[in-house]
There are 4 protein chains.
Amino acid sequence: MKVVVNLKAYPCDPVEVATAAREVSDASGVDIAVAPQAAHLERVAETGVETWAQHVGPVEHGSHTGSTLAEAAAEAGATGTLLNHSERRLKLADIDGALDAAERADLETCVCANNPDQIGAVAALGPDAVAVEPPELIGTGTPVSKADPDVVTDAVEAAEAVDDSVAVYCGAGISTGEDLTSARELGAEGVLLASGVAKADDPKAALEDLVAPL
Amino acid sequence: MKVVVNLKAYPCDPVEVATAAREVSDASGVDIAVAPQAAHLERVAETGVETWAQHVGPVEHGSHTGSTLAEAAAEAGATGTLLNHSERRLKLADIDGALDAAERADLETCVCANNPDQIGAVAALGPDAVAVEPPELIGTGTPVSKADPDVVTDAVEAAEAVDDSVAVYCGAGISTGEDLTSARELGAEGVLLASGVAKADDPKAALEDLVAPL
Amino acid sequence: MKVVVNLKAYPCDPVEVATAAREVSDASGVDIAVAPQAAHLERVAETGVETWAQHVGPVEHGSHTGSTLAEAAAEAGATGTLLNHSERRLKLADIDGALDAAERADLETCVCANNPDQIGAVAALGPDAVAVEPPELIGTGTPVSKADPDVVTDAVEAAEAVDDSVAVYCGAGISTGEDLTSARELGAEGVLLASGVAKADDPKAALEDLVAPL
Amino acid sequence: MKVVVNLKAYPCDPVEVATAAREVSDASGVDIAVAPQAAHLERVAETGVETWAQHVGPVEHGSHTGSTLAEAAAEAGATGTLLNHSERRLKLADIDGALDAAERADLETCVCANNPDQIGAVAALGPDAVAVEPPELIGTGTPVSKADPDVVTDAVEAAEAVDDSVAVYCGAGISTGEDLTSARELGAEGVLLASGVAKADDPKAALEDLVAPL
């Protein structure tokens with residue numbers, strides 16, 4: 001299982017969460033990546049944790065003021081990126097372009113989508129992984145694996161039907177080890193989570209609890 | 001073969017083109033639809049031609065000022081709609097939402113995309129048809145079926161691999177009967193064209209030439 | 001006072017509201033315009049009511065699939081347009097471009113904005129009118145003239161400081177004659193309203209009540 | 001005069017340009033800021049140069065995946081930000097929101113605009129500076145101060161008419177000391193430049209040439 005912790009624009013200390021994630025990853029052997037704001041990529045990468053961007057743009061080197069260039073993210077230490085998060089939805093052609101940009105910069109990719117149909121669609125673009133996140137569950141603390149397990153199994157099926165080399169992650173409402181176990185049982189190979197760790201009083205304890213069943 | 005004539009925001013007379021299209025369609029038996037500006041839907045539909053919207057939004061009835069409501073397009077006479085044209089690219093989630101809206105309003109759908117990967121992606125969302133239009137060929141007069149025939153056959157394969165009930169149309173640079181024939185030979189079940197008819201001195205003659213080989 | 005009734009994407013009958021508006025306008029001498037979906041412009045204009053678009057794009061004739069061309073709106077009967085409604089916010093450069101387009105097509109313009117600073121900003125672009133609509137009051141039934149009268153007087157001041165030929169309209173929560181009177185007393189020369197008329201059981205009675213104090 | 005060097009998504013070494021800018025600024029006493037990609041803010045700030053973001057979003061701390069949070073930019077070392085560059089145009093309401101965000105994070109602000117009308121509009125939102133950049137001159141090497149000097153004087157007048165505390169910068173095509181002198185003579189208090197320095201073989205020499213007349 002892969003765990004990606006999305007720090008969004010939360011007021012947490014990104015270095016504290018990153019350090020916790022590295023320690024828990026080292027101790028447990030579970031892959032844990034942390035996705036901070038672009039401006040925090042460098043300090044997060046310096047903790048030694050696997051570092052992801054929250055977004056990269058569909059652009060190459062050139063006149064693109066205010067973009068997030070995949071190469072710049074990589075130079076700051078990112079080795080992966082989320083794309084098309086429900087808080088940063090992209091045009092279809094730009095998901096395709098951003099995947100090209102990520103590949104150029106050697107970034108692992110996970111494209112988010114709202115439902116199994118859209119999971120099939122993004123799987124057709126050849127990312128490393130897709131994450132199913134019903135928008136109505138994001139930030140609720142109710143895991144999609146419990147609220148609507150069929151969404152996860154349908155997403156796994158939709159991705160497999162299109163390209164069975166694409167991993168399916170499960171987002172929205174994941175926070176405990178039990179959530180992670182259910183997600184795995186439904187066929188997910190990873191989880192995306194945010195507030196459950198980033199807003200926890202003790203992010204390290206939250207991560208330890210999360211990976212305990214693995 | 002289905003022919004969709006996209007009037008874009010061209011300075012042509014939409015009623016003249018629509019009347020020509022209806023006459024050529026009646027005489028030849030070929031399905032020809034005309035897609036005018038939303039504000040022209042009603043006058044185009046009154047000619048009796050098959051009328052399409054150029055776009056509908058991913059919205060339901062409600063507080064959506066300045067949107068293009070699928071139901072309003074249908075009430076004005078539209079029976080189909082283009083979506084995600086390269087001049088009106090949509091977020092992936094909005095293509096999905098607009099397809100739902102179109103289905104609610106009984107509109108036939110054709111989703112445009114730039115390349116075979118994106119064709120596979122939009123086919124996964126269940127439209128009636130997809131149209132492959134390499135942006136670099138739009139408006140050039142060089143048909144994609146000649147400039148890059150592999151794009152068409154790859155698009156047909158990509159759509160079939162995902163959902164073989166989805167028809168593939170061929171856009172970009174189509175203007176003559178020969179272009180239409182090549183498109184059909186490459187597996188396309190329809191063509192999307194614009195300037196070749198809408199900017200022709202004699203739109204009716206242009207359409208007659210187009211459908212002559214059928 | 002000018003009254004603009006925005007039909008948004010409401011499930012109302014646009015012709016019924018337009019007919020009511022024309023009758024009340026004729027009987028009262030108050031300018032009442034109706035702004036329907038683009039696809040409904042033609043049937044609304046045929047009632048003889050003053051007809052506005054809800055939006056026009058910053059485009060000229062050309063390759064702009066899915067746009068709302070000012071000329072097409074005018075050909076369908078529009079003589080004015082809203083711009084930058086909070087449900088259809090535009091980039092600053094596009095407000096500027098859409099104002100150029102509206103002028104080219106002889107459309108009267110009213111640019112919406114959220115607060116007095118933004119009212120000053122859009123006034124600098126030279127529209128005929130600006131409308132202040134605090135987003136948090138839209139659709140609430142609580143008129144901005146009552147909930148936050150300073151917003152209206154500050155908006156009037158902000159517009160005057162930049163260009164005193166720009167009229168200020170008052171939007172958000174207006175539904176009764178009393179609301180309209182307060183708006184006028186605060187310096188507004190028009191009102192923008194939507195659900196108060198479009199969702200009324202009897203749109204004509206609602207409009208009669210609205211203009212009664214004038 | 002203030003000089004802001006926008007590194008866009010250019011393939012230059014941001015630390016090399018930043019170091020050159022700091023050295024030339026120290027030697028000449030001219031304020032020179034460098035605006036890199038968000039992911040490069042930290043390494044640029046570490047050179048001691050005045051560091052600007054190319055963009056910040058209209059958001060506060062919270063659920064905004066893939067945004068550029070003003071506070072994160074500030075934590076990485078930014079003390080200023082560009083906004084609404086022609087390559088990253090913003091909705092009017094979002095310029096307003098991003099200015100609030102920048103103020104909250106103590107970032108100096110310079111809002112770009114295309115023409116004098118838009119300069120007046122953005123001046124009404126209360127930024128520290130505005131920059132006039134006719135899009136057709138960006139990247140041409142032809143300075144706006146030479147190609148169209150009236151645009152600069154009209155922009156200065158438009159800003160002054162709205163708020164005379166707002167400085168006007170001059171962008172588009174600036175690369176030499178002569179360009180900078182003409183800009184100052186036309187009333188500009190700063191210049192925005194990009195390729196002239198970022199793509200120079202010797203960025204330090206380019207900057208020395210630029211500030212020589214001051």
# chains A, B, ... in the order shown; residues from 1 in each chain; ligands from 1
call {"tool": "interface_residues", "arguments": {"of": "chain A", "to": "chain B", "cutoff": "7 Å", "atoms": "only C-alpha atoms", "output": "list in words"}}
result
Arg89, Leu90, Lys91, Leu92, Asp117, Gln118, Gly120, Ala121, Val122, Ala124, Leu125 and Val162 of chain A
call {"tool": "write_last_selection", "arguments": {"atoms": "all heavy atoms", "output": "CSV table (one decimal), in the first residue's frame"}}
result
chain,number,residue,atom,x,y,z
A,89,ARG,N,-9.4,21.0,-10.4
A,89,ARG,CA,-9.8,20.2,-11.5
A,89,ARG,C,-9.2,20.8,-12.8
A,89,ARG,O,-9.1,22.1,-13.0
A,89,ARG,CB,-11.3,20.2,-11.7
A,89,ARG,CG,-12.0,19.3,-10.7
A,89,ARG,CD,-13.5,19.5,-10.8
A,89,ARG,NE,-14.2,18.5,-10.0
A,89,ARG,CZ,-15.5,18.6,-9.7
A,89,ARG,NH1,-16.2,19.6,-10.1
A,89,ARG,NH2,-16.1,17.7,-8.9
A,90,LEU,N,-8.8,20.0,-13.7
A,90,LEU,CA,-8.2,20.4,-14.9
A,90,LEU,C,-9.0,20.0,-16.1
A,90,LEU,O,-9.8,19.1,-16.1
A,90,LEU,CB,-6.8,19.7,-15.1
A,90,LEU,CG,-5.8,20.0,-14.0
A,90,LEU,CD1,-4.5,19.2,-14.2
A,90,LEU,CD2,-5.5,21.5,-13.9
A,91,LYS,N,-8.8,20.8,-17.2
A,91,LYS,CA,-9.4,20.4,-18.5
A,91,LYS,C,-8.8,19.1,-18.9
A,91,LYS,O,-7.6,18.8,-18.6
A,91,LYS,CB,-9.1,21.5,-19.5
A,91,LYS,CG,-9.8,22.8,-19.2
A,91,LYS,CD,-9.4,23.9,-20.2
A,91,LYS,CE,-10.1,25.2,-19.8
A,91,LYS,NZ,-9.8,26.3,-20.7
A,92,LEU,N,-9.5,18.3,-19.6
A,92,LEU,CA,-9.1,17.0,-20.0
A,92,LEU,C,-7.7,17.1,-20.8
A,92,LEU,O,-6.8,16.3,-20.5
A,92,LEU,CB,-10.1,16.3,-20.9
A,92,LEU,CG,-9.7,15.0,-21.6
A,92,LEU,CD1,-9.5,13.9,-20.6
A,92,LEU,CD2,-10.6,14.6,-22.7
A,117,ASP,N,-16.7,6.3,-13.8
A,117,ASP,CA,-16.6,6.6,-15.2
A,117,ASP,C,-15.4,7.5,-15.4
A,117,ASP,O,-14.6,7.3,-16.4
A,117,ASP,CB,-17.8,7.5,-15.6
A,117,ASP,CG,-19.0,6.5,-15.9
A,117,ASP,OD1,-18.9,5.3,-15.9
A,117,ASP,OD2,-20.1,7.1,-16.2
A,118,GLN,N,-15.2,8.5,-14.6
A,118,GLN,CA,-14.1,9.4,-14.7
A,118,GLN,C,-12.7,8.7,-14.4
A,118,GLN,O,-11.7,9.0,-15.0
A,118,GLN,CB,-14.2,10.6,-13.8
A,118,GLN,CG,-15.4,11.5,-14.3
A,118,GLN,CD,-15.5,12.7,-13.3
A,118,GLN,OE1,-14.6,13.2,-12.8
A,118,GLN,NE2,-16.8,13.2,-13.2
A,120,GLY,N,-12.2,5.6,-15.3
A,120,GLY,CA,-11.9,4.9,-16.6
A,120,GLY,C,-11.3,5.9,-17.5
A,120,GLY,O,-10.3,5.6,-18.2
A,121,ALA,N,-11.8,7.1,-17.6
A,121,ALA,CA,-11.3,8.1,-18.5
A,121,ALA,C,-9.9,8.5,-18.2
A,121,ALA,O,-9.1,8.5,-19.1
A,121,ALA,CB,-12.2,9.4,-18.4
A,122,VAL,N,-9.5,8.8,-16.9
A,122,VAL,CA,-8.2,9.2,-16.7
A,122,VAL,C,-7.2,8.0,-16.8
A,122,VAL,O,-6.0,8.2,-17.2
A,122,VAL,CB,-8.0,9.9,-15.3
A,122,VAL,CG1,-8.8,11.2,-15.4
A,122,VAL,CG2,-8.4,9.1,-14.2
A,124,ALA,N,-7.2,6.0,-19.1
A,124,ALA,CA,-6.9,5.9,-20.5
A,124,ALA,C,-5.8,6.8,-20.9
A,124,ALA,O,-5.2,6.7,-22.0
A,124,ALA,CB,-8.2,6.2,-21.4
A,125,LEU,N,-5.4,7.7,-20.0
A,125,LEU,CA,-4.3,8.6,-20.3
A,125,LEU,C,-3.0,8.1,-19.8
A,125,LEU,O,-2.0,8.8,-20.0
A,125,LEU,CB,-4.6,10.0,-19.7
A,125,LEU,CG,-5.9,10.7,-20.2
A,125,LEU,CD1,-6.2,12.0,-19.4
A,125,LEU,CD2,-5.9,11.0,-21.7
A,162,VAL,N,-9.7,-0.6,-18.7
A,162,VAL,CA,-9.0,0.3,-19.6
A,162,VAL,C,-7.5,0.0,-19.7
A,162,VAL,O,-6.9,0.0,-20.8
A,162,VAL,CB,-9.3,1.8,-19.2
A,162,VAL,CG1,-8.4,2.7,-20.0
A,162,VAL,CG2,-10.7,2.1,-19.5
call {"tool": "residues_around", "arguments": {"residues": "Glu87 (chain D)", "least_positions_apart": "2", "cutoff": "8 Å", "atoms": "only C-alpha atoms", "output": "list in words"}}
result
Ser63, His64, Thr65 and Gly66 of chain A; Asn84, His85 and Arg89 of chain D
call {"tool": "write_last_selection", "arguments": {"atoms": "N, CA and C atoms", "output": "compact mmCIF listing (two decimals), in the first residue's frame"}}
result
# COMPACT_ATOMS: atom_id res chain seq x y z
N SER A 63 7.46 30.69 -21.62
CA SER A 63 6.79 31.87 -21.07
C SER A 63 5.48 31.48 -20.39
N HIS A 64 5.59 31.03 -19.17
CA HIS A 64 4.42 30.54 -18.45
C HIS A 64 4.46 31.07 -17.01
N THR A 65 4.36 32.39 -16.88
CA THR A 65 4.38 33.03 -15.57
C THR A 65 3.28 32.46 -14.68
N GLY A 66 3.65 32.13 -13.45
CA GLY A 66 2.64 31.68 -12.49
C GLY A 66 2.22 30.23 -12.66
N ASN D 84 -1.92 38.66 -11.90
CA ASN D 84 -2.64 38.92 -13.15
C ASN D 84 -1.71 39.16 -14.34
N HIS D 85 -0.55 38.52 -14.33
CA HIS D 85 0.31 38.59 -15.50
C HIS D 85 -0.47 38.08 -16.72
N ARG D 89 -3.76 35.32 -16.27
CA ARG D 89 -4.83 36.27 -16.02
C ARG D 89 -5.82 35.74 -15.00
call {"tool": "select_by_dssp", "arguments": {"residues": "region 48-195 of chain B", "states": "strand (DSSP E or B)", "output": "ChimeraX atom specification"}}
result
/B:50-53,62,80-83,91,108-113,129-132,167-170,190-193
call {"tool": "residues_around", "arguments": {"residues": "region 16-27 of chain D", "least_positions_apart": "6", "cutoff": "12 Å", "atoms": "only C-alpha atoms", "output": "count of residues only"}}
result
45
call {"tool": "atom_distance", "arguments": {"atom1": "CA of Gln54 (chain C)", "atom2": "CA of Thr68 (chain C)"}}
result
9.8 Å
call {"tool": "decode", "arguments": {"residues": "region 132-162 of chain B", "atoms": "N, CA and C atoms", "output": "PDB file, in the first residue's frame"}}
result
ATOM      1  N   VAL B 132     -12.185  13.155 -33.255  1.00  0.00           N
ATOM      2  CA  VAL B 132     -10.750  13.411 -33.083  1.00  0.00           C
ATOM      3  C   VAL B 132     -10.366  14.593 -33.972  1.00  0.00           C
ATOM      4  N   GLU B 133      -9.801  15.597 -33.336  1.00  0.00           N
ATOM      5  CA  GLU B 133      -9.427  16.825 -34.037  1.00  0.00           C
ATOM      6  C   GLU B 133      -8.053  17.306 -33.575  1.00  0.00           C
ATOM      7  N   PRO B 134      -6.987  16.889 -34.231  1.00  0.00           N
ATOM      8  CA  PRO B 134      -5.675  17.434 -33.848  1.00  0.00           C
ATOM      9  C   PRO B 134      -5.715  18.960 -33.982  1.00  0.00           C
ATOM     10  N   PRO B 135      -5.478  19.696 -32.869  1.00  0.00           N
ATOM     11  CA  PRO B 135      -5.643  21.158 -32.904  1.00  0.00           C
ATOM     12  C   PRO B 135      -4.828  21.817 -33.997  1.00  0.00           C
ATOM     13  N   GLU B 136      -3.659  21.231 -34.330  1.00  0.00           N
ATOM     14  CA  GLU B 136      -2.797  21.883 -35.306  1.00  0.00           C
ATOM     15  C   GLU B 136      -3.371  21.823 -36.721  1.00  0.00           C
ATOM     16  N   LEU B 137      -4.409  21.018 -36.933  1.00  0.00           N
ATOM     17  CA  LEU B 137      -4.999  20.918 -38.276  1.00  0.00           C
ATOM     18  C   LEU B 137      -6.310  21.694 -38.424  1.00  0.00           C
ATOM     19  N   ILE B 138      -6.885  22.142 -37.282  1.00  0.00           N
ATOM     20  CA  ILE B 138      -8.179  22.831 -37.357  1.00  0.00           C
ATOM     21  C   ILE B 138      -8.068  24.100 -38.196  1.00  0.00           C
ATOM     22  N   GLY B 139      -8.958  24.210 -39.143  1.00  0.00           N
ATOM     23  CA  GLY B 139      -8.998  25.422 -39.961  1.00  0.00           C
ATOM     24  C   GLY B 139      -7.930  25.500 -41.036  1.00  0.00           C
ATOM     25  N   THR B 140      -7.164  24.412 -41.221  1.00  0.00           N
ATOM     26  CA  THR B 140      -6.059  24.485 -42.181  1.00  0.00           C
ATOM     27  C   THR B 140      -6.493  24.112 -43.594  1.00  0.00           C
ATOM     28  N   GLY B 141      -7.606  23.364 -43.720  1.00  0.00           N
ATOM     29  CA  GLY B 141      -7.959  22.847 -45.034  1.00  0.00           C
ATOM     30  C   GLY B 141      -7.216  21.561 -45.351  1.00  0.00           C
ATOM     31  N   THR B 142      -6.271  21.167 -44.485  1.00  0.00           N
ATOM     32  CA  THR B 142      -5.599  19.880 -44.665  1.00  0.00           C
ATOM     33  C   THR B 142      -6.320  18.858 -43.807  1.00  0.00           C
ATOM     34  N   PRO B 143      -6.961  17.861 -44.436  1.00  0.00           N
ATOM     35  CA  PRO B 143      -7.755  16.925 -43.640  1.00  0.00           C
ATOM     36  C   PRO B 143      -6.873  15.996 -42.816  1.00  0.00           C
ATOM     37  N   VAL B 144      -7.302  15.735 -41.576  1.00  0.00           N
ATOM     38  CA  VAL B 144      -6.551  14.831 -40.713  1.00  0.00           C
ATOM     39  C   VAL B 144      -6.420  13.467 -41.393  1.00  0.00           C
ATOM     40  N   SER B 145      -7.419  13.086 -42.187  1.00  0.00           N
ATOM     41  CA  SER B 145      -7.385  11.770 -42.840  1.00  0.00           C
ATOM     42  C   SER B 145      -6.250  11.670 -43.850  1.00  0.00           C
ATOM     43  N   LYS B 146      -5.736  12.817 -44.313  1.00  0.00           N
ATOM     44  CA  LYS B 146      -4.617  12.804 -45.250  1.00  0.00           C
ATOM     45  C   LYS B 146      -3.310  13.132 -44.506  1.00  0.00           C
ATOM     46  N   ALA B 147      -3.357  14.178 -43.679  1.00  0.00           N
ATOM     47  CA  ALA B 147      -2.137  14.650 -43.005  1.00  0.00           C
ATOM     48  C   ALA B 147      -1.615  13.615 -42.020  1.00  0.00           C
ATOM     49  N   ASP B 148      -2.535  12.912 -41.392  1.00  0.00           N
ATOM     50  CA  ASP B 148      -2.110  12.020 -40.321  1.00  0.00           C
ATOM     51  C   ASP B 148      -3.133  10.902 -40.152  1.00  0.00           C
ATOM     52  N   PRO B 149      -3.235  10.022 -41.166  1.00  0.00           N
ATOM     53  CA  PRO B 149      -4.289   8.987 -41.128  1.00  0.00           C
ATOM     54  C   PRO B 149      -4.195   8.100 -39.894  1.00  0.00           C
ATOM     55  N   ASP B 150      -2.986   7.911 -39.362  1.00  0.00           N
ATOM     56  CA  ASP B 150      -2.854   7.045 -38.181  1.00  0.00           C
ATOM     57  C   ASP B 150      -3.622   7.600 -36.992  1.00  0.00           C
ATOM     58  N   VAL B 151      -3.740   8.928 -36.922  1.00  0.00           N
ATOM     59  CA  VAL B 151      -4.494   9.502 -35.805  1.00  0.00           C
ATOM     60  C   VAL B 151      -5.932   8.997 -35.843  1.00  0.00           C
ATOM     61  N   VAL B 152      -6.486   8.893 -37.044  1.00  0.00           N
ATOM     62  CA  VAL B 152      -7.874   8.449 -37.145  1.00  0.00           C
ATOM     63  C   VAL B 152      -7.997   6.973 -36.789  1.00  0.00           C
ATOM     64  N   THR B 153      -7.135   6.136 -37.375  1.00  0.00           N
ATOM     65  CA  THR B 153      -7.261   4.699 -37.063  1.00  0.00           C
ATOM     66  C   THR B 153      -6.933   4.433 -35.592  1.00  0.00           C
ATOM     67  N   ASP B 154      -5.969   5.153 -35.058  1.00  0.00           N
ATOM     68  CA  ASP B 154      -5.650   4.973 -33.629  1.00  0.00           C
ATOM     69  C   ASP B 154      -6.826   5.424 -32.756  1.00  0.00           C
ATOM     70  N   ALA B 155      -7.494   6.493 -33.185  1.00  0.00           N
ATOM     71  CA  ALA B 155      -8.644   6.978 -32.418  1.00  0.00           C
ATOM     72  C   ALA B 155      -9.765   5.948 -32.444  1.00  0.00           C
ATOM     73  N   VAL B 156      -9.997   5.371 -33.617  1.00  0.00           N
ATOM     74  CA  VAL B 156     -11.035   4.346 -33.726  1.00  0.00           C
ATOM     75  C   VAL B 156     -10.701   3.168 -32.813  1.00  0.00           C
ATOM     76  N   GLU B 157      -9.447   2.760 -32.823  1.00  0.00           N
ATOM     77  CA  GLU B 157      -9.027   1.657 -31.944  1.00  0.00           C
ATOM     78  C   GLU B 157      -9.174   2.006 -30.468  1.00  0.00           C
ATOM     79  N   ALA B 158      -8.768   3.229 -30.134  1.00  0.00           N
ATOM     80  CA  ALA B 158      -8.821   3.647 -28.726  1.00  0.00           C
ATOM     81  C   ALA B 158     -10.257   3.674 -28.226  1.00  0.00           C
ATOM     82  N   ALA B 159     -11.160   4.172 -29.060  1.00  0.00           N
ATOM     83  CA  ALA B 159     -12.568   4.210 -28.639  1.00  0.00           C
ATOM     84  C   ALA B 159     -13.129   2.802 -28.514  1.00  0.00           C
ATOM     85  N   GLU B 160     -12.826   1.961 -29.512  1.00  0.00           N
ATOM     86  CA  GLU B 160     -13.343   0.577 -29.488  1.00  0.00           C
ATOM     87  C   GLU B 160     -12.856  -0.198 -28.276  1.00  0.00           C
ATOM     88  N   ALA B 161     -11.590   0.056 -27.914  1.00  0.00           N
ATOM     89  CA  ALA B 161     -11.022  -0.677 -26.781  1.00  0.00           C
ATOM     90  C   ALA B 161     -11.771  -0.351 -25.499  1.00  0.00           C
ATOM     91  N   VAL B 162     -12.325   0.834 -25.432  1.00  0.00           N
ATOM     92  CA  VAL B 162     -13.002   1.264 -24.211  1.00  0.00           C
ATOM     93  C   VAL B 162     -14.502   0.971 -24.277  1.00  0.00           C
TER      94      VAL B 162
END
